[in-house]
file my_file-v1.tsv (TSV, C-alpha atoms and all ligand atoms)
chain	number	residue	atom	x	y	z
A	1	MET	CA	23.33	163.61	78.27
A	2	SER	CA	25.17	165.37	75.44
A	3	GLN	CA	26.93	162.07	74.58
A	4	THR	CA	23.49	160.36	74.37
A	5	ARG	CA	22.19	163.23	72.27
A	6	ASN	CA	25.13	162.88	69.87
A	7	GLU	CA	24.51	159.14	69.55
A	8	ILE	CA	20.83	159.71	68.72
A	9	PHE	CA	21.90	162.24	66.06
A	10	ASN	CA	24.29	159.59	64.66
A	11	TYR	CA	21.56	156.91	64.52
A	12	TYR	CA	19.20	159.32	62.72
A	13	ARG	CA	21.87	160.25	60.17
A	14	ARG	CA	22.89	156.62	59.66
A	15	PHE	CA	19.46	154.95	59.44
A	16	LEU	CA	17.10	157.78	58.46
A	17	GLU	CA	19.47	159.98	56.45
A	18	ARG	CA	18.35	163.10	58.33
A	19	GLU	CA	18.66	165.05	61.57
A	20	PRO	CA	16.17	164.21	64.34
A	21	ASP	CA	13.13	166.47	64.65
A	22	ASP	CA	12.42	167.96	68.12
A	23	SER	CA	9.70	165.45	69.01
A	24	GLY	CA	11.82	162.44	67.90
A	25	LEU	CA	14.84	163.65	69.85
A	26	SER	CA	12.90	164.26	73.05
A	27	PHE	CA	11.09	160.89	72.62
A	28	TYR	CA	14.39	158.97	72.54
A	29	LEU	CA	16.08	161.10	75.24
A	30	LYS	CA	13.15	160.30	77.53
A	31	LYS	CA	13.49	156.58	76.72
A	32	VAL	CA	17.16	156.68	77.75
A	33	LYS	CA	16.19	158.54	80.94
A	34	ASP	CA	13.59	155.85	81.63
A	35	GLY	CA	16.20	153.09	81.36
A	36	SER	CA	16.52	152.08	77.66
A	37	SER	CA	20.07	151.39	76.52
A	38	LEU	CA	21.62	153.12	73.50
A	39	GLU	CA	21.74	149.71	71.79
A	40	GLU	CA	17.95	149.42	72.19
A	41	ILE	CA	17.45	152.94	70.80
A	42	LYS	CA	19.72	152.13	67.86
A	43	ASN	CA	17.71	148.97	67.08
A	44	GLU	CA	14.42	150.81	67.39
A	45	ILE	CA	15.47	153.54	64.96
A	46	ASN	CA	16.97	150.96	62.60
A	47	SER	CA	13.74	148.91	62.52
A	48	SER	CA	11.38	151.90	62.29
A	49	GLU	CA	8.96	152.23	59.36
A	50	GLU	CA	11.00	155.15	58.01
A	51	SER	CA	14.22	153.13	58.02
A	52	GLN	CA	12.46	150.11	56.42
A	53	ILE	CA	11.16	152.29	53.60
A	54	LEU	CA	14.56	153.88	52.99
A	55	LYS	CA	16.10	150.40	52.69
A	56	MET	CA	13.69	149.26	49.99
A	57	LYS	CA	15.56	148.79	46.74
A	58	LYS	CA	12.74	149.91	44.48
A	59	PHE	CA	12.14	152.98	46.62
A	60	ASN	CA	13.21	156.04	44.76
A	61	ASN	CA	14.69	158.40	47.33
A	62	LYS	CA	14.01	161.60	45.44
A	63	ILE	CA	13.54	164.96	47.03
A	64	PHE	CA	9.93	165.94	46.47
A	65	ASP	CA	10.58	169.64	46.78
A	66	LEU	CA	7.82	171.89	45.44
A	67	HIS	CA	8.49	175.23	43.81
A	68	SER	CA	7.28	178.67	44.90
A	69	ASN	CA	8.11	182.15	43.63
A	70	GLN	CA	8.15	183.35	47.23
A	71	SER	CA	11.33	183.74	49.29
A	72	LYS	CA	12.35	181.22	51.96
A	73	GLU	CA	11.53	183.83	54.63
A	74	GLU	CA	8.01	184.31	53.25
A	75	ILE	CA	7.48	180.54	53.07
A	76	GLN	CA	8.69	180.12	56.66
A	77	LYS	CA	6.32	182.87	57.78
A	78	THR	CA	3.39	181.17	56.01
A	79	PHE	CA	4.28	177.77	57.48
A	80	GLN	CA	4.19	179.31	60.96
A	81	LYS	CA	0.44	179.92	60.48
A	82	ILE	CA	-0.12	176.18	60.19
A	83	THR	CA	-0.73	174.92	63.69
A	84	ARG	CA	-1.75	171.30	62.88
A	85	ARG	CA	-0.50	169.38	59.90
A	86	TYR	CA	-1.05	166.05	58.24
A	87	HIS	CA	1.58	165.90	55.48
A	88	TRP	CA	5.30	166.46	55.20
A	89	ILE	CA	5.71	169.26	52.67
A	90	SER	CA	8.85	170.90	51.31
A	91	VAL	CA	8.68	174.17	49.36
A	92	ASN	CA	11.92	175.69	48.01
A	93	GLY	CA	13.75	173.50	50.54
A	94	VAL	CA	11.74	174.83	53.50
A	95	GLU	CA	10.15	171.84	55.20
A	96	LEU	CA	6.98	171.35	57.22
A	97	SER	CA	8.34	168.33	59.00
A	98	ASP	CA	7.54	168.38	62.70
A	99	GLU	CA	4.57	166.73	64.45
A	100	LEU	CA	3.10	165.26	61.30
A	101	MET	CA	0.35	162.65	61.12
A	102	THR	CA	2.34	160.88	58.41
A	103	SER	CA	6.04	161.01	57.38
A	104	LYS	CA	8.23	161.94	54.45
A	105	ALA	CA	9.37	158.34	54.01
A	106	TYR	CA	5.81	156.99	54.10
A	107	GLN	CA	4.65	159.61	51.57
A	108	MET	CA	7.53	158.65	49.28
A	109	TRP	CA	6.57	154.99	49.58
A	110	ILE	CA	3.01	155.86	48.56
A	111	SER	CA	4.24	158.13	45.75
A	112	GLN	CA	5.95	155.23	43.96
A	113	SER	CA	2.44	154.27	42.75
A	114	ILE	CA	1.97	157.58	40.89
A	115	PRO	CA	3.39	157.73	37.33
A	116	GLU	CA	6.42	160.04	37.08
A	117	ASP	CA	5.08	161.79	33.98
A	118	LEU	CA	1.46	162.93	34.16
A	119	THR	CA	1.49	165.19	31.09
A	120	ASP	CA	-2.09	165.67	29.82
A	121	LYS	CA	-3.53	163.55	32.63
A	122	THR	CA	-6.48	164.47	34.87
A	123	ILE	CA	-6.28	163.50	38.53
A	124	LEU	CA	-8.75	163.19	41.39
A	125	ASP	CA	-7.25	162.99	44.92
A	126	ILE	CA	-9.90	161.64	47.32
A	127	GLY	CA	-9.40	162.35	51.05
A	128	CYS	CA	-6.67	164.84	50.11
A	129	SER	CA	-6.08	166.29	53.61
A	130	ASP	CA	-3.22	168.86	53.26
A	131	GLY	CA	-2.89	168.01	49.55
A	132	PHE	CA	0.67	166.65	49.28
A	133	TYR	CA	-0.27	164.10	46.58
A	134	SER	CA	-2.31	166.67	44.60
A	135	PHE	CA	0.63	169.10	44.52
A	136	LEU	CA	2.98	166.24	43.63
A	137	CYS	CA	0.77	165.35	40.64
A	138	GLU	CA	0.73	168.98	39.53
A	139	SER	CA	4.54	169.07	39.76
A	140	ARG	CA	4.57	165.96	37.54
A	141	ASN	CA	2.79	168.00	34.84
A	142	ALA	CA	-0.80	166.85	35.33
A	143	LYS	CA	-3.18	168.90	33.20
A	144	ASP	CA	-5.88	169.15	35.82
A	145	VAL	CA	-5.91	168.13	39.51
A	146	THR	CA	-9.03	168.02	41.68
A	147	ALA	CA	-8.68	167.41	45.43
A	148	ILE	CA	-11.63	166.48	47.63
A	149	ASP	CA	-12.08	165.80	51.31
A	150	PHE	CA	-15.24	165.68	53.38
A	151	GLU	CA	-13.55	167.65	56.14
A	152	SER	CA	-12.25	171.16	55.53
A	153	PHE	CA	-9.76	171.42	58.43
A	154	GLU	CA	-10.07	175.24	58.74
A	155	THR	CA	-9.03	175.12	62.39
A	156	TRP	CA	-5.69	173.53	61.51
A	157	SER	CA	-4.25	176.85	60.44
A	158	HIS	CA	-4.60	180.06	62.28
A	159	ASP	CA	-4.82	183.61	61.14
A	160	ASP	CA	-5.89	185.70	64.15
A	161	THR	CA	-7.40	188.34	61.90
A	162	LEU	CA	-10.00	185.85	60.60
A	163	SER	CA	-12.79	183.93	62.32
A	164	ASN	CA	-12.25	180.15	62.54
A	165	LYS	CA	-14.79	179.61	59.78
A	166	ASP	CA	-12.89	181.91	57.41
A	167	ASN	CA	-9.43	180.51	58.07
A	168	PRO	CA	-8.03	178.85	54.95
A	169	ASN	CA	-7.15	175.19	55.37
A	170	ASN	CA	-3.60	173.88	54.92
A	171	LEU	CA	-4.25	172.88	51.31
A	172	GLU	CA	-5.40	176.39	50.42
A	173	ILE	CA	-2.42	177.99	52.20
A	174	ILE	CA	0.05	175.76	50.35
A	175	LYS	CA	-1.85	176.21	47.07
A	176	ASN	CA	-1.40	179.94	47.44
A	177	LEU	CA	2.33	179.54	48.15
A	178	LEU	CA	2.81	177.44	45.03
A	179	ASP	CA	0.55	179.53	42.83
A	180	SER	CA	-1.09	176.18	42.16
A	181	LYS	CA	-4.19	175.47	40.07
A	182	VAL	CA	-5.33	172.45	42.10
A	183	LYS	CA	-9.13	172.62	42.50
A	184	TYR	CA	-10.28	171.88	46.04
A	185	HIS	CA	-13.84	170.87	46.98
A	186	LYS	CA	-15.24	169.89	50.33
A	187	LEU	CA	-16.99	166.77	49.10
A	188	ASP	CA	-17.87	163.28	50.30
A	189	VAL	CA	-16.55	160.41	48.19
A	190	TYR	CA	-20.13	159.14	47.74
A	191	ASP	CA	-20.92	162.41	45.88
A	192	VAL	CA	-18.04	162.12	43.42
A	193	GLN	CA	-20.42	162.20	40.41
A	194	LYS	CA	-21.32	165.80	41.38
A	195	LEU	CA	-17.94	166.83	39.94
A	196	ASN	CA	-19.38	166.05	36.47
A	197	GLN	CA	-15.98	164.96	35.22
A	198	THR	CA	-14.00	161.83	34.45
A	199	PHE	CA	-10.38	161.37	35.53
A	200	ASP	CA	-7.45	159.40	34.14
A	201	PHE	CA	-6.19	158.58	37.63
A	202	VAL	CA	-7.85	158.58	41.03
A	203	LEU	CA	-5.80	158.58	44.23
A	204	MET	CA	-7.45	157.16	47.31
A	205	TYR	CA	-4.81	156.83	49.98
A	206	GLY	CA	-5.70	156.00	53.57
A	207	VAL	CA	-9.44	156.39	53.03
A	208	TYR	CA	-11.15	153.04	52.31
A	209	TYR	CA	-11.22	151.83	55.94
A	210	HIS	CA	-12.88	155.10	56.99
A	211	LEU	CA	-15.91	154.29	54.86
A	212	TYR	CA	-19.17	152.68	55.97
A	213	ASP	CA	-19.67	151.33	52.41
A	214	PHE	CA	-16.38	150.87	50.59
A	215	VAL	CA	-17.98	148.82	47.79
A	216	LEU	CA	-20.49	151.56	46.96
A	217	ALA	CA	-17.71	154.19	47.07
A	218	LEU	CA	-15.48	152.17	44.73
A	219	GLN	CA	-18.40	151.58	42.32
A	220	LYS	CA	-18.98	155.34	42.16
A	221	ILE	CA	-15.25	155.96	41.64
A	222	SER	CA	-15.19	153.32	38.91
A	223	ASP	CA	-17.83	155.35	37.02
A	224	VAL	CA	-15.57	158.43	36.94
A	225	VAL	CA	-12.13	156.89	36.31
A	226	THR	CA	-10.89	156.05	32.81
A	227	ASP	CA	-7.46	154.52	33.60
A	228	SER	CA	-6.49	153.57	37.17
A	229	VAL	CA	-7.21	154.00	40.85
A	230	PHE	CA	-4.21	154.00	43.22
A	231	LEU	CA	-5.33	153.01	46.69
A	232	SER	CA	-3.59	152.40	50.01
A	233	GLY	CA	-4.74	151.36	53.44
A	234	HIS	CA	-4.45	149.09	56.43
A	235	ILE	CA	-4.99	145.46	55.47
A	236	LEU	CA	-5.56	142.18	57.27
A	237	ASP	CA	-2.46	139.98	57.28
A	238	THR	CA	-3.85	136.94	55.46
A	239	ASP	CA	-4.17	135.55	51.92
A	240	GLU	CA	-7.84	134.75	52.54
A	241	PRO	CA	-10.19	137.17	50.74
A	242	ILE	CA	-11.84	138.33	53.95
A	243	MET	CA	-13.06	141.54	55.51
A	244	TYR	CA	-13.29	142.29	59.21
A	245	TYR	CA	-16.05	144.51	60.59
A	246	TYR	CA	-15.06	146.28	63.77
A	247	GLY	CA	-18.58	147.33	64.62
A	248	PRO	CA	-19.94	150.75	65.43
A	249	ASP	CA	-17.93	152.43	68.14
A	250	SER	CA	-19.81	155.24	69.84
A	251	SER	CA	-16.55	157.10	70.47
A	252	VAL	CA	-15.81	157.52	66.75
A	253	LYS	CA	-17.65	159.28	63.98
A	254	ARG	CA	-20.24	157.47	61.87
A	255	ASN	CA	-17.99	157.44	58.83
A	256	PHE	CA	-14.88	156.22	60.56
A	257	SER	CA	-13.27	152.81	60.83
A	258	SER	CA	-15.84	150.17	60.18
A	259	ILE	CA	-13.99	147.68	58.04
A	260	VAL	CA	-10.54	146.40	57.13
A	261	GLY	CA	-10.05	143.89	54.31
A	262	SER	CA	-7.23	141.61	53.27
A	263	SER	CA	-5.30	142.33	50.10
A	264	ASN	CA	-7.23	139.64	48.16
A	265	CYS	CA	-10.52	140.95	49.48
A	266	LEU	CA	-9.84	144.44	48.09
A	267	ILE	CA	-8.67	142.94	44.80
A	268	ASN	CA	-11.84	140.80	44.50
A	269	ILE	CA	-14.08	143.79	45.24
A	270	ALA	CA	-12.33	145.78	42.49
A	271	LEU	CA	-12.53	142.96	39.92
A	272	LYS	CA	-15.87	141.38	40.70
A	273	MET	CA	-18.01	144.20	42.01
A	274	CYS	CA	-16.58	147.43	40.59
A	275	ASN	CA	-15.84	146.78	36.95
A	276	PHE	CA	-12.03	146.97	37.00
A	277	LYS	CA	-10.21	144.74	34.47
A	278	THR	CA	-7.03	144.32	36.50
A	279	ALA	CA	-6.27	144.73	40.18
A	280	GLU	CA	-2.89	144.23	41.83
A	281	CYS	CA	-1.19	144.76	45.15
A	282	VAL	CA	1.88	146.86	44.29
A	283	ASP	CA	3.59	146.62	47.68
A	284	ILE	CA	3.02	145.95	51.38
A	285	ILE	CA	4.86	147.41	54.39
A	286	THR	CA	4.79	146.57	58.05
A	287	THR	CA	4.19	149.66	60.06
A	288	ASP	CA	3.48	150.99	63.55
A	289	TYR	CA	-0.26	151.17	64.17
A	290	ASP	CA	-1.95	153.66	66.45
A	291	SER	CA	-3.59	151.08	68.72
A	292	ASN	CA	-6.21	153.64	69.82
A	293	LEU	CA	-7.84	153.66	66.38
A	294	SER	CA	-10.60	151.06	66.30
A	295	HIS	CA	-9.68	149.67	62.87
A	296	ASN	CA	-6.28	148.72	64.28
A	297	ASN	CA	-8.02	146.49	66.82
A	298	GLY	CA	-5.55	147.23	69.63
A	299	LEU	CA	-2.52	146.22	67.53
A	300	THR	CA	0.71	148.22	67.64
A	301	LYS	CA	2.09	146.83	64.36
A	302	GLY	CA	0.39	145.78	61.15
A	303	LYS	CA	0.34	145.93	57.35
A	304	ILE	CA	-0.44	148.66	54.88
A	305	GLY	CA	-1.07	147.71	51.26
A	306	LEU	CA	-0.64	149.78	48.10
A	307	PHE	CA	-2.93	148.82	45.19
A	308	LYS	CA	-3.56	149.61	41.53
A	309	PHE	CA	-7.00	148.94	40.02
A	310	SER	CA	-7.22	149.53	36.24
A	311	LYS	CA	-10.11	149.76	33.75
B	1	LIG	C1	-5.93	158.87	56.86
B	1	LIG	S1	-6.31	160.40	56.05
B	1	LIG	C2	-5.37	160.20	54.56
B	1	LIG	C3	-4.98	161.52	53.92
B	1	LIG	C4	-4.22	161.39	52.60
B	1	LIG	N1	-5.03	160.81	51.57
B	1	LIG	C5	-2.97	160.58	52.79
B	1	LIG	O1	-2.93	159.39	52.45
B	1	LIG	O2	-1.98	161.12	53.32
B	1	LIG	C6	-7.96	160.13	55.47
B	1	LIG	C7	-8.58	161.34	54.82
B	1	LIG	O3	-9.78	160.93	54.18
B	1	LIG	C8	-10.80	161.84	54.47
B	1	LIG	N2	-12.09	161.14	54.35
B	1	LIG	C9	-12.58	160.18	55.16
B	1	LIG	N3	-13.80	159.78	54.75
B	1	LIG	C10	-14.08	160.50	53.64
B	1	LIG	C11	-15.20	160.55	52.75
B	1	LIG	N4	-16.29	159.81	52.98
B	1	LIG	N5	-15.14	161.38	51.70
B	1	LIG	C12	-14.03	162.17	51.49
B	1	LIG	N6	-12.97	162.19	52.30
B	1	LIG	C13	-12.99	161.35	53.37
B	1	LIG	C14	-10.47	162.33	55.89
B	1	LIG	O4	-11.09	163.56	56.19
B	1	LIG	C15	-8.95	162.42	55.83
B	1	LIG	O5	-8.51	163.66	55.37
call {"tool": "encode", "arguments": {"input": "my_file-v1.tsv", "output": "structure tokens", "more": "lines below"}}
Ligand SMILES: C[S@@+](CC[C@H](N)C(=O)[O-])C[C@H]1O[C@@H](n2cnc3c(N)ncnc32)[C@H](O)[C@@H]1O
result
Amino acid sequence: MSQTRNEIFNYYRRFLEREPDDSGLSFYLKKVKDGSSLEEIKNEINSSEESQILKMKKFNNKIFDLHSNQSKEEIQKTFQKITRRYHWISVNGVELSDELMTSKAYQMWISQSIPEDLTDKTILDIGCSDGFYSFLCESRNAKDVTAIDFESFETWSHDDTLSNKDNPNNLEIIKNLLDSKVKYHKLDVYDVQKLNQTFDFVLMYGVYYHLYDFVLALQKISDVVTDSVFLSGHILDTDEPIMYYYGPDSSVKRNFSSIVGSSNCLINIALKMCNFKTAECVDIITTDYDSNLSHNNGLTKGKIGLFKFSK
């Protein structure tokens, strides 16, 4: 088994430019135990979403390391309080990288849409989750960053001395580590006008297909953005400007997974219904889908699009 283990380490270093995390290593060791050949494992790692993203020429493989005045030991101790996590985060080289709901490579792919210099810019990050993109904008010199999410995720971190209700969420824990000024509000996208502010850039990654009325949400966002919206999400694999409605599913929440549009559908909505002057698809990747989510319609692979809508 140690020979197999070494080979898996080699494939990770060669195709993903990193060491395997515990869950990845045990996933592939189990596959070998269940009969997969090393050649099959090599091909799987080589064709993974992470490897595809790393191979993209325009992808800028920068280290998105955030800065804290705290020591590595203190950061590690703080990270240990986080029991569930959405984003890959690196602070002073200490990484939150295991059992994520996204990946470092995917976050870097998304981040190519955000301007490298945000000096004097105001940002709104909608559906911010753990706040990776908000902190990235702050590190790119944004003047003011507001992060909203309609869930507060308090139970994702755990401080035994506090009740569940009083536990800070991951964004607040990381904000504290970074001594950040990001403003966090538990807020639904439909209430965005309650912020009483306009923003140069609005980020809306992985949110549109959660919404029961994407058009209404984008109209409200259009009223508060002065420059551009950067949006990403699952898309239908067709040039037709169509939207698919997956229907209410009693097993999911009211606000989750009703619609998925094609790239041209999202572009038409932005141009014709939401007052944007230009709308473009910046990039598309093929990715593994979680077939249990209703908007993925039982598929195990599909497309994610990255868009820019400008006023
Ligand atoms: C798939 S996650 C994406 C997180 C992050 N934006 C990213 O791309 O890594 C979707 C996020 O949107 C939030 N969300 C869904 N519907 C929302 C709504 N109506 N208003 C605000 N946030 C919402 C969810 O709570 C979740 O944190």
call {"tool": "residues_around", "arguments": {"input": "my_file-v1.tsv", "residues": "Val202 of chain A", "least_positions_apart": "4", "cutoff": "9 Å", "atoms": "all atoms listed in the file", "output": "list in words"}}
result
Thr122, Ile123, Leu124, Asp125, Ile126, Ile221, Val224, Val225, Asp227, Ser228, Val229, Phe230 and Leu231 of chain A
call {"tool": "write_last_selection", "arguments": {"input": "my_file-v1.tsv", "atoms": "C-alpha atoms", "output": "short mmCIF file (atom, residue, chain, number, x, y, z; two decimals), in the coordinates of the input"}}
result
data_model
loop_
_atom_site.label_atom_id
_atom_site.label_comp_id
_atom_site.auth_asym_id
_atom_site.auth_seq_id
_atom_site.Cartn_x
_atom_site.Cartn_y
_atom_site.Cartn_z
CA THR A 122 -6.48 164.47 34.87
CA ILE A 123 -6.28 163.50 38.53
CA LEU A 124 -8.75 163.19 41.39
CA ASP A 125 -7.25 162.99 44.92
CA ILE A 126 -9.90 161.64 47.32
CA ILE A 221 -15.25 155.96 41.64
CA VAL A 224 -15.57 158.43 36.94
CA VAL A 225 -12.13 156.89 36.31
CA ASP A 227 -7.46 154.52 33.60
CA SER A 228 -6.49 153.57 37.17
CA VAL A 229 -7.21 154.00 40.85
CA PHE A 230 -4.21 154.00 43.22
CA LEU A 231 -5.33 153.01 46.69
#
call {"tool": "closest_residue", "arguments": {"input": "my_file-v1.tsv", "among": "A:Arg13, A:Ser111, A:Phe135, A:Ala270", "to": "Leu216 of chain A", "atoms": "only C-alpha atoms"}}
result
A:Ala270
call {"tool": "residues_near_ligand", "arguments": {"input": "my_file-v1.tsv", "ligand": "ligand LIG 1 (chain B)", "cutoff": "7 Å", "atoms": "all atoms listed in the file", "output": "mmCIF file with C-alpha atoms, keeping the file's coordinate frame"}}
result
data_model
loop_
_atom_site.group_PDB
_atom_site.id
_atom_site.type_symbol
_atom_site.label_atom_id
_atom_site.label_comp_id
_atom_site.auth_asym_id
_atom_site.auth_seq_id
_atom_site.Cartn_x
_atom_site.Cartn_y
_atom_site.Cartn_z
ATOM 1 C CA HIS A 87 1.580 165.900 55.480
ATOM 2 C CA THR A 102 2.340 160.880 58.410
ATOM 3 C CA ILE A 126 -9.900 161.640 47.320
ATOM 4 C CA GLY A 127 -9.400 162.350 51.050
ATOM 5 C CA CYS A 128 -6.670 164.840 50.110
ATOM 6 C CA SER A 129 -6.080 166.290 53.610
ATOM 7 C CA ILE A 148 -11.630 166.480 47.630
ATOM 8 C CA ASP A 149 -12.080 165.800 51.310
ATOM 9 C CA PHE A 150 -15.240 165.680 53.380
ATOM 10 C CA GLU A 151 -13.550 167.650 56.140
ATOM 11 C CA LEU A 187 -16.990 166.770 49.100
ATOM 12 C CA ASP A 188 -17.870 163.280 50.300
ATOM 13 C CA VAL A 189 -16.550 160.410 48.190
ATOM 14 C CA TYR A 190 -20.130 159.140 47.740
ATOM 15 C CA MET A 204 -7.450 157.160 47.310
ATOM 16 C CA TYR A 205 -4.810 156.830 49.980
ATOM 17 C CA GLY A 206 -5.700 156.000 53.570
ATOM 18 C CA VAL A 207 -9.440 156.390 53.030
ATOM 19 C CA HIS A 210 -12.880 155.100 56.990
ATOM 20 C CA LEU A 211 -15.910 154.290 54.860
ATOM 21 C CA ASN A 255 -17.990 157.440 58.830
ATOM 22 C CA PHE A 256 -14.880 156.220 60.560
#
call {"tool": "atom_distance", "arguments": {"input": "my_file-v1.tsv", "atom1": "atom CA of Phe132 of chain A", "atom2": "atom CA of Ile89 of chain A"}}
result
6.6 Å
call {"tool": "atom_distance", "arguments": {"input": "my_file-v1.tsv", "atom1": "atom CA of Thr198 of chain A", "atom2": "atom CA of Asp223 of chain A"}}
result
8.0 Å
call {"tool": "closest_residue", "arguments": {"input": "my_file-v1.tsv", "among": "A:Thr83, A:Gln112, A:Asn141, A:Ser23", "to": "Asp98 of chain A", "atoms": "all atoms listed in the file"}}
result
A:Ser23
call {"tool": "residues_around", "arguments": {"input": "my_file-v1.tsv", "residues": "Ile269 of chain A", "least_positions_apart": "2", "cutoff": "10 Å", "atoms": "all atoms listed in the file", "output": "MDAnalysis selection string"}}
result
chainID A and resid 214:215 218:219 241 261 264:267 271:276 279
call {"tool": "write_last_selection", "arguments": {"input": "my_file-v1.tsv", "atoms": "C-alpha atoms", "output": "CSV table (one decimal), keeping the file's coordinate frame"}}
result
chain,number,residue,atom,x,y,z
A,214,PHE,CA,-16.4,150.9,50.6
A,215,VAL,CA,-18.0,148.8,47.8
A,218,LEU,CA,-15.5,152.2,44.7
A,219,GLN,CA,-18.4,151.6,42.3
A,241,PRO,CA,-10.2,137.2,50.7
A,261,GLY,CA,-10.0,143.9,54.3
A,264,ASN,CA,-7.2,139.6,48.2
A,265,CYS,CA,-10.5,141.0,49.5
A,266,LEU,CA,-9.8,144.4,48.1
A,267,ILE,CA,-8.7,142.9,44.8
A,271,LEU,CA,-12.5,143.0,39.9
A,272,LYS,CA,-15.9,141.4,40.7
A,273,MET,CA,-18.0,144.2,42.0
A,274,CYS,CA,-16.6,147.4,40.6
A,275,ASN,CA,-15.8,146.8,37.0
A,276,PHE,CA,-12.0,147.0,37.0
A,279,ALA,CA,-6.3,144.7,40.2
call {"tool": "residues_around", "arguments": {"input": "my_file-v1.tsv", "residues": "Ala105 of chain A", "least_positions_apart": "3", "cutoff": "10 Å", "atoms": "only C-alpha atoms", "output": "PyMOL selection string"}}
result
chain A and resi 16+49-54+59+61+88+102+108-111
call {"tool": "residues_around", "arguments": {"input": "my_file-v1.tsv", "residues": "Tyr12 of chain A", "least_positions_apart": "4", "cutoff": "10 Å", "atoms": "only C-alpha atoms", "output": "PyMOL selection string"}}
result
chain A and resi 6-8+16-21+24-25+42+45-46+51
call {"tool": "atom_distance", "arguments": {"input": "my_file-v1.tsv", "atom1": "atom CA of Phe199 of chain A", "atom2": "atom CA of Val282 of chain A"}}
result
20.9 Å
call {"tool": "closest_residue", "arguments": {"input": "my_file-v1.tsv", "among": "A:Asn169, A:Ser48, A:Thr238, A:Asn92", "to": "Lys72 of chain A", "atoms": "only C-alpha atoms"}}
result
A:Asn92
call {"tool": "closest_residue", "arguments": {"input": "my_file-v1.tsv", "among": "A:Val91, A:Val32, A:Val260, A:Ile41", "to": "Tyr11 of chain A", "atoms": "all atoms listed in the file"}}
result
A:Ile41
